[in-house]
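Undergrad: What follows is final-v6.pdb; its format and atoms are PDB, C-alpha atoms.
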```pdb
ATOM      1  CA  ASP A   1     -36.268   0.805 -17.959
ATOM      2  CA  VAL A   2     -35.678   3.868 -20.153
ATOM      3  CA  THR A   3     -34.943   6.775 -17.827
ATOM      4  CA  LEU A   4     -34.657   9.390 -20.581
ATOM      5  CA  GLN A   5     -37.011  12.346 -20.702
ATOM      6  CA  VAL A   6     -39.914  12.299 -23.144
ATOM      7  CA  LYS A   7     -39.406  14.706 -26.031
ATOM      8  CA  LEU A   8     -40.559  15.403 -29.566
ATOM      9  CA  LEU A   9     -39.525  17.533 -32.511
ATOM     10  CA  VAL A  10     -42.157  19.938 -33.866
ATOM     11  CA  GLN A  11     -41.480  20.296 -37.571
ATOM     12  CA  GLN A  12     -44.128  21.874 -39.771
ATOM     13  CA  LEU A  13     -47.814  22.688 -40.163
ATOM     14  CA  HIS A  14     -49.119  22.165 -43.681
ATOM     15  CA  GLY A  15     -52.247  21.116 -45.522
ATOM     16  CA  SER A  16     -54.574  21.783 -48.409
ATOM     17  CA  VAL A  17     -57.946  23.455 -48.785
ATOM     18  CA  PRO A  18     -60.075  23.755 -51.971
ATOM     19  CA  ALA A  19     -60.202  27.515 -51.468
ATOM     20  CA  MET A  20     -56.432  27.687 -51.928
ATOM     21  CA  CYS A  21     -56.651  26.599 -55.562
ATOM     22  CA  ALA A  22     -59.840  28.536 -56.291
ATOM     23  CA  SER A  23     -58.183  31.905 -55.811
ATOM     24  CA  HIS A  24     -56.012  33.587 -58.430
ATOM     25  CA  PRO A  25     -53.153  33.383 -57.895
ATOM     26  CA  PRO A  26     -53.263  30.252 -55.712
ATOM     27  CA  LEU A  27     -52.673  30.838 -52.006
ATOM     28  CA  SER A  28     -50.220  29.039 -49.794
ATOM     29  CA  TYR A  29     -51.472  27.196 -46.753
ATOM     30  CA  ALA A  30     -49.938  29.782 -44.398
ATOM     31  CA  ALA A  31     -51.660  32.615 -46.269
ATOM     32  CA  TRP A  32     -55.018  30.815 -46.219
ATOM     33  CA  LEU A  33     -54.708  30.046 -42.476
ATOM     34  CA  ALA A  34     -53.806  33.657 -41.720
ATOM     35  CA  GLY A  35     -56.832  34.894 -43.651
ATOM     36  CA  ALA A  36     -59.218  32.333 -42.109
ATOM     37  CA  CYS A  37     -58.069  32.878 -38.528
ATOM     38  CA  GLY A  38     -57.056  36.524 -38.718
ATOM     39  CA  ILE A  39     -53.664  35.732 -37.175
ATOM     40  CA  ALA A  40     -50.274  36.261 -38.773
ATOM     41  CA  PRO A  41     -48.130  33.135 -39.297
ATOM     42  CA  HIS A  42     -45.302  34.454 -37.074
ATOM     43  CA  ASP A  43     -47.770  34.714 -34.159
ATOM     44  CA  LEU A  44     -48.494  30.973 -34.146
ATOM     45  CA  HIS A  45     -46.937  28.626 -31.604
ATOM     46  CA  ILE A  46     -47.307  24.963 -30.615
ATOM     47  CA  SER A  47     -48.188  23.720 -27.120
ATOM     48  CA  ALA A  48     -47.786  20.031 -26.182
ATOM     49  CA  GLN A  49     -49.220  18.270 -23.124
ATOM     50  CA  LEU A  50     -48.333  14.732 -22.010
ATOM     51  CA  LEU A  51     -51.331  12.601 -20.987
ATOM     52  CA  VAL A  52     -51.279   9.452 -18.823
ATOM     53  CA  HIS A  53     -54.558   7.654 -18.083
ATOM     54  CA  GLY A  54     -56.328  10.588 -19.697
ATOM     55  CA  MET A  55     -54.897  13.038 -17.134
ATOM     56  CA  PRO A  56     -52.137  15.641 -17.649
ATOM     57  CA  LEU A  57     -48.677  14.605 -16.489
ATOM     58  CA  GLY A  58     -46.512  17.610 -15.707
ATOM     59  CA  GLN A  59     -46.696  21.051 -17.243
ATOM     60  CA  PRO A  60     -47.282  21.694 -20.969
ATOM     61  CA  GLU A  61     -44.349  22.703 -23.156
ATOM     62  CA  ARG A  62     -44.474  25.210 -26.015
ATOM     63  CA  THR A  63     -42.369  26.495 -28.881
ATOM     64  CA  TYR A  64     -40.727  29.900 -28.749
ATOM     65  CA  SER A  65     -39.262  30.240 -32.230
ATOM     66  CA  ALA A  66     -41.156  32.041 -34.982
ATOM     67  CA  ALA A  67     -42.830  29.780 -37.521
ATOM     68  CA  GLY A  68     -42.154  31.979 -40.542
ATOM     69  CA  SER A  69     -44.089  32.095 -43.786
ATOM     70  CA  LYS A  70     -43.880  28.291 -44.249
ATOM     71  CA  LEU A  71     -45.079  27.429 -40.726
ATOM     72  CA  ARG A  72     -41.880  25.572 -39.801
ATOM     73  CA  TRP A  73     -40.550  25.414 -36.242
ATOM     74  CA  ASN A  74     -37.996  22.559 -36.099
ATOM     75  CA  GLU A  75     -37.829  22.866 -32.325
ATOM     76  CA  TRP A  76     -37.444  20.110 -29.707
ATOM     77  CA  LEU A  77     -39.828  20.025 -26.754
ATOM     78  CA  SER A  78     -38.695  18.138 -23.643
ATOM     79  CA  PHE A  79     -40.964  17.069 -20.775
ATOM     80  CA  THR A  80     -40.043  16.479 -17.154
ATOM     81  CA  ALA A  81     -41.607  12.976 -17.250
ATOM     82  CA  LYS A  82     -39.524   9.973 -18.280
ATOM     83  CA  TYR A  83     -40.358   7.062 -20.540
ATOM     84  CA  CYS A  84     -40.422   4.696 -17.555
ATOM     85  CA  ASP A  85     -43.303   6.770 -16.090
ATOM     86  CA  LEU A  86     -45.612   6.211 -19.074
ATOM     87  CA  SER A  87     -48.615   3.909 -19.238
ATOM     88  CA  ALA A  88     -50.070   1.950 -22.148
ATOM     89  CA  ASP A  89     -52.500   4.754 -23.027
ATOM     90  CA  ALA A  90     -49.918   7.559 -22.878
ATOM     91  CA  ALA A  91     -50.488  10.191 -25.540
ATOM     92  CA  LEU A  92     -49.466  13.675 -26.644
ATOM     93  CA  ARG A  93     -52.084  16.382 -27.030
ATOM     94  CA  ILE A  94     -50.732  19.080 -29.318
ATOM     95  CA  SER A  95     -52.491  22.413 -29.708
ATOM     96  CA  VAL A  96     -51.891  25.252 -32.147
ATOM     97  CA  TYR A  97     -52.346  28.707 -30.644
ATOM     98  CA  GLY A  98     -52.297  32.167 -32.094
ATOM     99  CA  THR A  99     -51.990  35.565 -30.474
ATOM    100  CA  ALA A 100     -54.747  38.106 -31.068
ATOM    101  CA  GLY A 101     -53.253  40.619 -28.642
ATOM    102  CA  PRO A 102     -51.266  40.909 -25.423
ATOM    103  CA  ARG A 103     -52.055  37.863 -23.282
ATOM    104  CA  GLU A 104     -54.902  36.846 -25.589
ATOM    105  CA  PRO A 105     -54.132  33.321 -26.870
ATOM    106  CA  VAL A 106     -56.525  31.945 -29.459
ATOM    107  CA  LEU A 107     -56.905  28.188 -29.931
ATOM    108  CA  ILE A 108     -56.828  27.222 -33.602
ATOM    109  CA  GLY A 109     -56.802  23.417 -33.529
ATOM    110  CA  THR A 110     -55.702  20.312 -31.642
ATOM    111  CA  ALA A 111     -54.190  16.940 -32.518
ATOM    112  CA  THR A 112     -53.483  13.786 -30.531
ATOM    113  CA  ALA A 113     -50.725  11.195 -30.975
ATOM    114  CA  LYS A 114     -50.454   7.913 -29.072
ATOM    115  CA  LEU A 115     -46.958   7.012 -27.927
ATOM    116  CA  PHE A 116     -47.456   3.217 -28.058
ATOM    117  CA  ASP A 117     -48.879   1.152 -30.898
ATOM    118  CA  ALA A 118     -51.170  -1.881 -30.689
ATOM    119  CA  ALA A 119     -48.163  -4.141 -29.959
ATOM    120  CA  SER A 120     -47.153  -1.984 -26.924
ATOM    121  CA  ARG A 121     -44.087  -0.736 -28.765
ATOM    122  CA  LEU A 122     -42.869   2.831 -28.427
ATOM    123  CA  ARG A 123     -43.412   4.755 -31.650
ATOM    124  CA  GLU A 124     -40.442   6.313 -33.381
ATOM    125  CA  GLY A 125     -39.710   8.480 -36.371
ATOM    126  CA  GLU A 126     -41.887  10.998 -38.191
ATOM    127  CA  LEU A 127     -45.644  11.200 -37.674
ATOM    128  CA  GLN A 128     -48.284  13.094 -39.624
ATOM    129  CA  LEU A 129     -51.033  14.245 -37.259
ATOM    130  CA  ALA A 130     -54.404  15.439 -38.508
ATOM    131  CA  LEU A 131     -55.161  18.815 -36.961
ATOM    132  CA  ARG A 132     -58.784  19.300 -35.900
ATOM    133  CA  LEU A 133     -59.665  22.961 -36.304
ATOM    134  CA  VAL A 134     -62.080  24.642 -33.950
ATOM    135  CA  PRO A 135     -65.590  24.996 -35.441
ATOM    136  CA  ARG A 136     -65.377  28.713 -36.204
ATOM    137  CA  PHE A 137     -62.232  28.205 -38.281
ATOM    138  CA  ALA A 138     -63.235  24.854 -39.819
ATOM    139  CA  SER A 139     -66.410  26.260 -41.411
ATOM    140  CA  GLY A 140     -64.514  27.935 -44.227
ATOM    141  CA  ASP A 141     -62.230  25.077 -45.301
ATOM    142  CA  GLY A 142     -64.943  23.154 -47.170
ATOM    143  CA  SER A 143     -64.390  20.021 -45.114
ATOM    144  CA  SER A 144     -67.344  17.761 -44.408
ATOM    145  CA  ASP A 145     -65.385  14.832 -42.925
ATOM    146  CA  PRO A 146     -64.095  15.465 -39.392
ATOM    147  CA  ALA A 147     -60.419  14.773 -38.970
ATOM    148  CA  GLY A 148     -59.348  11.748 -36.999
ATOM    149  CA  GLU A 149     -56.593  11.547 -34.459
ATOM    150  CA  GLU A 150     -53.960  10.691 -37.011
ATOM    151  CA  ALA A 151     -53.692  10.799 -40.774
ATOM    152  CA  GLY A 152     -54.275   7.328 -42.140
ATOM    153  CA  GLU A 153     -55.464   5.979 -38.801
ATOM    154  CA  GLU A 154     -57.001   2.532 -38.902
ATOM    155  CA  GLY A 155     -60.739   2.431 -38.368
ATOM    156  CA  ARG A 156     -61.418   5.626 -40.380
ATOM    157  CA  VAL A 157     -62.639   5.340 -43.950
ATOM    158  CA  ARG A 158     -60.335   7.211 -46.308
ATOM    159  CA  SER A 159     -61.245   8.485 -49.728
ATOM    160  CA  LYS A 160     -59.392   7.580 -52.906
ATOM    161  CA  ASP A 161     -57.900  11.054 -53.100
ATOM    162  CA  GLU A 162     -56.415  10.685 -49.635
ATOM    163  CA  VAL A 163     -54.896   7.319 -50.496
ATOM    164  CA  GLU A 164     -53.423   8.665 -53.725
ATOM    165  CA  SER A 165     -52.033  11.718 -51.977
ATOM    166  CA  GLU A 166     -50.268   9.516 -49.416
ATOM    167  CA  GLU A 167     -48.836   7.356 -52.184
ATOM    168  CA  LEU A 168     -47.493  10.417 -53.978
ATOM    169  CA  GLU A 169     -45.828  11.650 -50.800
ATOM    170  CA  ALA A 170     -44.194   8.247 -50.270
ATOM    171  CA  MET A 171     -42.987   8.217 -53.883
ATOM    172  CA  ALA A 172     -41.513  11.696 -53.501
ATOM    173  CA  ALA A 173     -39.669  10.600 -50.336
ATOM    174  CA  ARG A 174     -38.215   7.529 -52.072
ATOM    175  CA  HIS A 175     -37.197   9.654 -55.060
ATOM    176  CA  GLU A 176     -35.328  12.125 -52.854
ATOM    177  CA  ALA A 177     -33.555   9.237 -51.067
ATOM    178  CA  ALA A 178     -32.464   7.841 -54.446
ATOM    179  CA  LEU A 179     -31.130  11.250 -55.497
ATOM    180  CA  SER A 180     -28.949  11.425 -52.407
ATOM    181  CA  ARG A 181     -27.236   8.151 -53.397
ATOM    182  CA  GLY A 182     -26.734   9.197 -57.038
ATOM    183  CA  SER A 183     -28.414   7.726 -60.085
ATOM    184  CA  GLU A 184     -27.652   7.194 -63.754
ATOM    185  CA  LEU A 185     -31.184   8.340 -64.689
ATOM    186  CA  ALA A 186     -30.748  11.946 -63.613
ATOM    187  CA  TRP A 187     -32.430  13.154 -66.762
ATOM    188  CA  LEU A 188     -35.731  11.729 -65.425
ATOM    189  CA  ASP A 189     -35.655  13.876 -62.286
ATOM    190  CA  LYS A 190     -37.197  16.981 -63.796
ATOM    191  CA  PRO A 191     -40.188  15.345 -65.532
ATOM    192  CA  THR A 192     -40.785  13.157 -62.463
ATOM    193  CA  TYR A 193     -40.979  16.152 -60.154
ATOM    194  CA  GLN A 194     -43.232  17.989 -62.553
ATOM    195  CA  LEU A 195     -45.632  15.044 -62.717
ATOM    196  CA  ILE A 196     -45.729  14.617 -58.942
ATOM    197  CA  GLU A 197     -46.308  18.324 -58.309
ATOM    198  CA  ALA A 198     -49.053  18.549 -60.916
ATOM    199  CA  ARG A 199     -50.859  15.564 -59.470
ATOM    200  CA  GLN A 200     -50.507  16.874 -55.913
ATOM    201  CA  LEU A 201     -51.945  20.261 -56.917
ATOM    202  CA  ALA A 202     -54.910  18.523 -58.530
ATOM    203  CA  LEU A 203     -55.533  16.492 -55.378
ATOM    204  CA  HIS A 204     -55.139  19.523 -53.143
ATOM    205  CA  GLY A 205     -57.924  21.205 -55.079
ATOM    206  CA  ARG A 206     -60.317  18.505 -53.905
ATOM    207  CA  LEU A 207     -58.977  17.615 -50.463
ATOM    208  CA  SER A 208     -59.202  19.534 -47.218
ATOM    209  CA  ARG A 209     -56.443  18.452 -44.864
ATOM    210  CA  HIS A 210     -54.563  20.092 -42.008
ATOM    211  CA  LEU A 211     -51.449  18.139 -41.062
ATOM    212  CA  LEU A 212     -48.907  18.701 -38.332
ATOM    213  CA  SER A 213     -45.547  16.975 -38.786
ATOM    214  CA  ILE A 214     -43.699  15.869 -35.648
ATOM    215  CA  ARG A 215     -40.823  13.485 -35.023
ATOM    216  CA  LEU A 216     -40.250  11.174 -32.071
ATOM    217  CA  PRO A 217     -36.748  10.088 -30.983
ATOM    218  CA  ASP A 218     -35.209   6.976 -32.519
ATOM    219  CA  PHE A 219     -33.720   4.268 -30.317
ATOM    220  CA  GLU A 220     -31.091   1.691 -31.143
ATOM    221  CA  HIS A 221     -33.368  -1.158 -30.059
ATOM    222  CA  PRO A 222     -37.163  -1.444 -29.958
ATOM    223  CA  VAL A 223     -38.680  -0.213 -26.692
ATOM    224  CA  LEU A 224     -41.560  -2.341 -25.399
ATOM    225  CA  LEU A 225     -43.983  -1.482 -22.638
ATOM    226  CA  HIS A 226     -43.954  -3.721 -19.588
ATOM    227  CA  GLU A 227     -46.176  -2.978 -16.612
ATOM    228  CA  ARG A 228     -45.593  -4.844 -13.384
ATOM    229  CA  SER A 229     -48.791  -6.402 -12.112
ATOM    230  CA  ALA A 230     -49.651  -5.506  -8.542
ATOM    231  CA  ALA A 231     -49.873  -8.354  -6.027
ATOM    232  CA  LEU A 232     -53.534  -9.189  -5.462
ATOM    233  CA  PRO A 233     -54.715  -9.794  -1.899
ATOM    234  CA  PRO A 234     -55.676 -13.386  -1.052
ATOM    235  CA  PRO A 235     -59.393 -14.241  -1.295
ATOM    236  CA  PHE A 236     -61.437 -13.724   1.857
ATOM    237  CA  LEU A 237     -61.865 -16.961   3.742
ATOM    238  CA  GLN A 238     -63.901 -17.448   6.892
ATOM    239  CA  PRO A 239     -61.505 -18.088   9.769
ATOM    240  CA  PRO A 240     -61.799 -21.491  11.481
ATOM    241  CA  PRO A 241     -63.422 -21.651  14.955
ATOM    242  CA  PRO A 242     -60.998 -21.092  17.808
ATOM    243  CA  ARG A 243     -59.653 -24.199  19.440
ATOM    244  CA  PRO A 244     -60.053 -24.638  23.238
ATOM    245  CA  ARG A 245     -56.881 -23.734  24.963
ATOM    246  CA  ALA A 246     -55.416 -26.481  27.134
ATOM    247  CA  LEU A 247     -54.296 -25.544  30.628
ATOM    248  CA  ALA A 248     -50.605 -25.626  31.177
ATOM    249  CA  GLN A 249     -49.595 -28.700  33.144
ATOM    250  CA  PRO A 250     -46.654 -28.544  35.521
ATOM    251  CA  PRO A 251     -43.693 -30.479  34.294
ATOM    252  CA  ARG A 252     -43.571 -33.984  35.602
ATOM    253  CA  LEU A 253     -40.367 -34.914  37.312
ATOM    254  CA  PRO A 254     -38.957 -38.328  36.666
ATOM    255  CA  PRO A 255     -39.507 -40.722  39.595
ATOM    256  CA  ARG A 256     -36.586 -41.056  41.921
ATOM    257  CA  ALA A 257     -34.877 -44.374  41.875
ATOM    258  CA  SER A 258     -35.543 -46.348  45.152
ATOM    259  CA  THR A 259     -32.594 -48.090  46.716
ATOM    260  CA  PRO A 260     -32.474 -50.264  49.883
ATOM    261  CA  GLU A 261     -30.454 -47.610  51.754
ATOM    262  CA  ARG A 262     -33.030 -44.858  51.032
ATOM    263  CA  ALA A 263     -35.901 -47.130  52.029
ATOM    264  CA  ALA A 264     -34.170 -48.004  55.342
ATOM    265  CA  ALA A 265     -33.418 -44.327  56.107
ATOM    266  CA  ALA A 266     -37.063 -43.349  55.464
ATOM    267  CA  ALA A 267     -38.255 -46.161  57.793
ATOM    268  CA  ASP A 268     -35.859 -44.983  60.563
ATOM    269  CA  GLN A 269     -37.107 -41.421  60.314
ATOM    270  CA  GLU A 270     -40.713 -42.575  60.544
ATOM    271  CA  ALA A 271     -39.934 -44.802  63.575
ATOM    272  CA  ALA A 272     -38.025 -41.982  65.307
ATOM    273  CA  GLY A 273     -41.014 -39.703  64.879
ATOM    274  CA  ARG A 274     -43.335 -42.295  66.429
ATOM    275  CA  HIS A 275     -41.076 -42.918  69.502
ATOM    276  CA  GLU A 276     -40.668 -39.181  70.132
ATOM    277  CA  LEU A 277     -44.422 -38.716  70.064
ATOM    278  CA  ARG A 278     -44.832 -41.692  72.426
ATOM    279  CA  GLY A 279     -42.260 -40.276  74.912
ATOM    280  CA  GLU A 280     -44.090 -36.953  75.128
ATOM    281  CA  GLN A 281     -47.305 -38.808  75.867
ATOM    282  CA  HIS A 282     -45.611 -40.546  78.910
ATOM    283  CA  GLY A 283     -44.490 -37.206  80.396
ATOM    284  CA  VAL A 284     -40.925 -37.280  79.227
ATOM    285  CA  PRO A 285     -40.723 -34.427  76.740
ATOM    286  CA  GLY A 286     -37.804 -34.526  74.364
ATOM    287  CA  LEU A 287     -37.218 -38.249  74.957
ATOM    288  CA  CYS A 288     -36.812 -40.188  71.746
ATOM    289  CA  VAL A 289     -36.593 -43.927  71.786
ATOM    290  CA  GLY A 290     -35.413 -45.669  68.653
ATOM    291  CA  ARG A 291     -33.667 -48.708  67.429
ATOM    292  CA  ARG A 292     -30.138 -49.222  66.409
ATOM    293  CA  VAL A 293     -29.199 -48.193  62.942
ATOM    294  CA  GLY A 294     -26.803 -50.207  60.902
ATOM    295  CA  ALA A 295     -25.209 -53.551  61.485
ATOM    296  CA  GLY A 296     -22.595 -52.324  64.004
ATOM    297  CA  GLY A 297     -25.176 -51.238  66.580
ATOM    298  CA  GLY A 298     -23.422 -47.925  67.101
ATOM    299  CA  GLY A 299     -26.629 -45.940  67.347
ATOM    300  CA  ALA A 300     -27.824 -44.513  70.686
ATOM    301  CA  ARG A 301     -30.862 -46.100  72.299
ATOM    302  CA  ALA A 302     -32.109 -42.940  73.912
ATOM    303  CA  ARG A 303     -31.089 -39.352  74.254
ATOM    304  CA  ARG A 304     -32.128 -36.547  76.480
ATOM    305  CA  SER A 305     -33.171 -33.185  75.232
ATOM    306  CA  ASP A 306     -30.935 -30.202  75.840
ATOM    307  CA  ARG A 307     -33.731 -28.102  77.153
ATOM    308  CA  PRO A 308     -34.389 -28.175  80.987
ATOM    309  CA  ARG A 309     -37.325 -30.228  82.091
ATOM    310  CA  GLU A 310     -39.988 -28.986  84.501
ATOM    311  CA  PRO A 311     -39.596 -29.860  88.271
ATOM    312  CA  ARG A 312     -41.770 -32.612  89.666
ATOM    313  CA  PRO A 313     -43.161 -33.104  93.182
ATOM    314  CA  GLY A 314     -40.722 -36.016  94.032
ATOM    315  CA  ASP A 315     -37.660 -33.941  93.214
ATOM    316  CA  ALA A 316     -37.722 -32.052  96.559
ATOM    317  CA  GLY A 317     -36.346 -35.014  98.632
ATOM    318  CA  ARG A 318     -33.496 -35.568  96.248
ATOM    319  CA  GLY A 319     -31.831 -32.274  97.148
ATOM    320  CA  GLY A 320     -32.613 -30.698  93.871
ATOM    321  CA  ARG A 321     -30.442 -33.111  91.910
ATOM    322  CA  ASP A 322     -31.077 -33.447  88.351
ATOM    323  CA  THR A 323     -31.473 -37.018  87.264
TER     324      THR A 323
END
```
Could you quickly redo this structure as structure tokens?

TA:
Amino acid sequence: DVTLQVKLLVQQLHGSVPAMCASHPPLSYAAWLAGACGIAPHDLHISAQLLVHGMPLGQPERTYSAAGSKLRWNEWLSFTAKYCDLSADAALRISVYGTAGPREPVLIGTATAKLFDAASRLREGELQLALRLVPRFASGDGSSDPAGEEAGEEGRVRSKDEVESEELEAMAARHEAALSRGSELAWLDKPTYQLIEARQLALHGRLSRHLLSIRLPDFEHPVLLHERSAALPPPFLQPPPPRPRALAQPPRLPPRASTPERAAAAADQEAAGRHELRGEQHGVPGLCVGRRVGAGGGGARARRSDRPREPRPGDAGRGGRDT
């Protein structure tokens, strides 16, 4: 992700109007614009707004340097937003304002530049934007074709004069690049420039164009747009019917292993309980009659209870002895 701030370089406002060549002597574009708008060239400034999804992102930035007689600013404008915050439809809306008085800005024209091309690649280098003048200023330029978003934009039919003018500008740029490297045909420079300028003046007499030159930063490698797709929620499915809940069963203990000794002990306890119940029925409470336990015969046949028994009628002649 590119975390640098978005910025652009505002270079120059230029163009051509048939009325420029009709006057004697011919007017410059700055002089014609000042006469058509009633605003001096040094009172013009550029305001740029960053758009994302058609909505403003952050505050607009503007130029503060004077344009001069040639309408050149050469000033960088930096935004608070970063390149990683942009969307596929991010664009720059650039407006040209003039000052008619204290705190009285006057809108002259607007232009729009997209930051990404059709291949989702960040645009770099110099751009020529077609400035759309407001209706009250555009009525005197002799233009019948409304300006598009960008000069030479695909989808807009261009005239032959516009195509030839763009070719002449490209030829002039290549010629200046060749001069910087040095050439053996330096004697052709003067007639070449004269031919290009004469042809451009002839085209400017028939064309009506208002161009704003800007420059976007260059990067070492191409910058491509990549948007992370949001995770979609799963499709709505009807929940299955609830299952009947089974009652919790107590844990089953493993059966105890039966041995002959345990079986014999359980039988003795049961027999002892029967004999004790039988003794109470015969009037001898606490008397327990049982059988011998074990092979040695060491068990007691009967035992008396520790608690005192109740006196009987025959105990009076025995002298109160306890039998």

Undergrad: Show which residues sit within 10 Å of Ala100 of chain A, as a PyMOL selection string. Count all atoms listed in the file, and ignore same-chain residues fewer than 3 positions away.

TA: chain A and resi 37-40+43-44+97+103-106

Undergrad: Take atom CA of Lys190 of chain A and atom CA of His210 of chain A and report the distance between them in Å, one decimal.

TA: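 Interatomic distance, atom CA of Lys190 of chain A to atom CA of His210 of chain A: 28.0 Å.
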
Undergrad: I'd like the interatomic distance between atom CA of Leu212 of chain A and atom CA of Gln5 of chain A, to a tenth of an Å.

TA: 22.2 Å

Undergrad: Neighbours of Ile94 of chain A within 7 Å (all atoms listed in the file; same-chain residues fewer than 6 positions away dropped), as a list in words?

TA: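 Counting all atoms listed in the file, the residues come to Ile46, Ser47, Ala48, Gln49, Thr110, Ala111 and Thr112 of chain A.
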
Undergrad: Report, in Å with one decimal, the straight-line distance from atom CA of Thr99 of chain A to atom CA of Trp32 of chain A.

TA: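 Answer for the atom CA of Thr99 of chain A to atom CA of Trp32 of chain A separation: 16.7 Å.
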
Undergrad: Given the choices A:Ala36, A:Leu216, A:Leu4, A:Ala138, which gets closest to Tyr83 of chain A if the distance is worked out from only C-alpha atoms?

TA: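 Among the listed residues, the smallest separation from Tyr83 of chain A belongs to A:Leu4.
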
Undergrad: List, as number ranges by chain, every residue that the PyMOL selection byres ((chain A and resi 225) around 9) selects in the file provided.

TA: A: 84, 86-88, 116, 119-122, 223-224, 226-227

Undergrad: Under the PyMOL selection byres ((chain A and resi 77) around 12), which residues of this model are included? Write them out as a PyMOL selection string.

TA: chain A and resi 5-11+46-50+59-65+73-76+78-81+92+94+214-217

Undergrad: Apply the PyMOL selection byres ((chain A and resi 211) around 9) to the displayed file and report the matching residues as a list in words.

TA: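 Evaluating the PyMOL selection byres ((chain A and resi 211) around 9) on this file yields Gln12, Leu13, His14, Gly15, Ser16, Gln128, Leu129, Ala130, Leu131, Glu150, Ala151, Arg209, His210, Leu212 and Ser213 of chain A.
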
Undergrad: Between A:Leu203, A:Leu195, A:Ile108, A:Ala271, single out the one closest to Glu166 of chain A, counting all atoms listed in the file.

TA: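 Once distances to Glu166 of chain A are computed over all atoms listed in the file, the minimum belongs to A:Leu203.
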
Undergrad: Which centre and which edge lengths, in Å to one decimal, describe the axis-aligned box that holds all listed atoms of segment 209-219 of chain A after 5 Å is added on each side, as JSON?

TA:
```
{"center_x": -45.1, "center_y": 12.2, "center_z": -37.6, "size_x": 32.7, "size_y": 25.8, "size_z": 24.5}
```
